[in-house]
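Below is one structure, written out as structure tokens; the observations come after it.
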Amino acid sequence: MSTNDAFDLLRDQSPTISVGILTADLMNLGSELSMLEELGIRVIHFDVMDGRFAPFMTVGPRFIEGVRSNLLKDVHLLIENPSTKVEEYVRAGADMITVHIDAGDGVLSILRELGRMKNLNHPRRGLVRGVAVNPDTAIEALRPLLDDIEMISVLAVNPRVKGFPFFDSIGQRFAKIKEMASAAGKDILLCIDGGIKRNNITEIAKLGADIIVSGSAVFDGKAPAENARFMLNAVRSKSTRNYDEEQMV
């Protein structure tokens, strides 16, 4: 697997957070993104839903293209048949594109297609290819994809169910996926996404993810800077490495 500038930046920054911006103050989005940069956050997250794969509709490529920022654009495609759409999101400036294994297309061919594409927004930055696994997706479905991905996103909620119920066994599932990637000798970024709030991020961070996605917990309409600082500090202070060191004292 070849690495690239985007992958290397994420590896260097990990553990870190990818901040979902759909609940940000869109009328003041520029200042909201500047705030994230000042806090040391380097990734913003876009949940793209089509109303079919997931029960809601959100944003598309024109919105993503319109967001002007030096932050890495982390695009999560919760859509059916993404093979016909991925090129649009690359053109929109995505640095990271995540597709679901069970989205209805041959995911391996999509990943290989992405591997041949260039990051049009930042050609030297490269593209990070991710696959997402829902709580009911078989973990073994990841194995044939390991040579063609740079990131695995483990969903802590089921995005296909209204209300997005939190999956309590995320820790066991994440550990198995982490072990699979390690046993295969692959340097793959591991991400946890869905239902991450101020009241659970410390426990989630202990699982050892490289990236944790959180949106509404940051942009809650009240104190986004305070929330973002809290979430980032929680991830960096309670990662697996630091937690293990604490237990040894």
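Scheme for the structure tokens: letters A, B, ... for chains in order shown; per-chain residue numbers from 1; ligand numbers from 1 in order shown.
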Residue neighbourhood Ala184 of chain A, 10 Å, only C-alpha atoms, exclusion window fewer than 2 positions, as a PyMOL selection string: chain A and resi 143+146-147+179-182+186-187
Surrounding residues of Val86 of chain A excluding itself and chain neighbours under 3 positions, 8 Å, only C-alpha atoms, as a VMD selection string: chain A and resid 82 to 83 89 to 90 97 110 114
Selection to disk with C-alpha atoms, as a compact mmCIF listing (two decimals), in the first residue's frame:
```
# COMPACT_ATOMS: atom_id res chain seq x y z
CA PRO A 82 -21.25 4.97 -4.94
CA SER A 83 -19.26 3.84 -8.00
CA TYR A 89 -16.42 13.95 -4.79
CA VAL A 90 -12.79 13.77 -5.85
CA ILE A 97 -13.33 9.17 0.76
CA ILE A 110 -14.28 1.45 -6.33
CA LEU A 114 -9.83 5.78 -6.31
```
Spatial neighbours of Ser153 of chain A, 6 Å, only C-alpha atoms, chain gap at least 5 places, as a compact mmCIF listing (two decimals) with N, CA and C atoms, in the first residue's frame:
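Writing done, so here's around.txt:
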```txt
# COMPACT_ATOMS: atom_id res chain seq x y z
N ALA A 132 -16.12 1.71 5.38
CA ALA A 132 -16.87 1.77 6.63
C ALA A 132 -17.61 0.47 6.85
N CYS A 191 -10.59 4.31 12.44
CA CYS A 191 -11.47 5.41 12.81
C CYS A 191 -12.72 4.86 13.50
N ILE A 192 -13.23 5.62 14.46
CA ILE A 192 -14.53 5.31 15.08
C ILE A 192 -15.46 6.47 14.81
```
Residue neighbourhood Gln13 of chain A, 12 Å, only C-alpha atoms, exclusion window fewer than 2 positions, as a PyMOL selection string: chain A and resi 6-11+15-18+40-43+72+189+209-212+232+235-236
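Of the listed residues (A:Val157, A:Ala225, A:Leu145, A:Val213), A:Val213 comes nearest to His45 of chain A; the distances count only C-alpha atoms.
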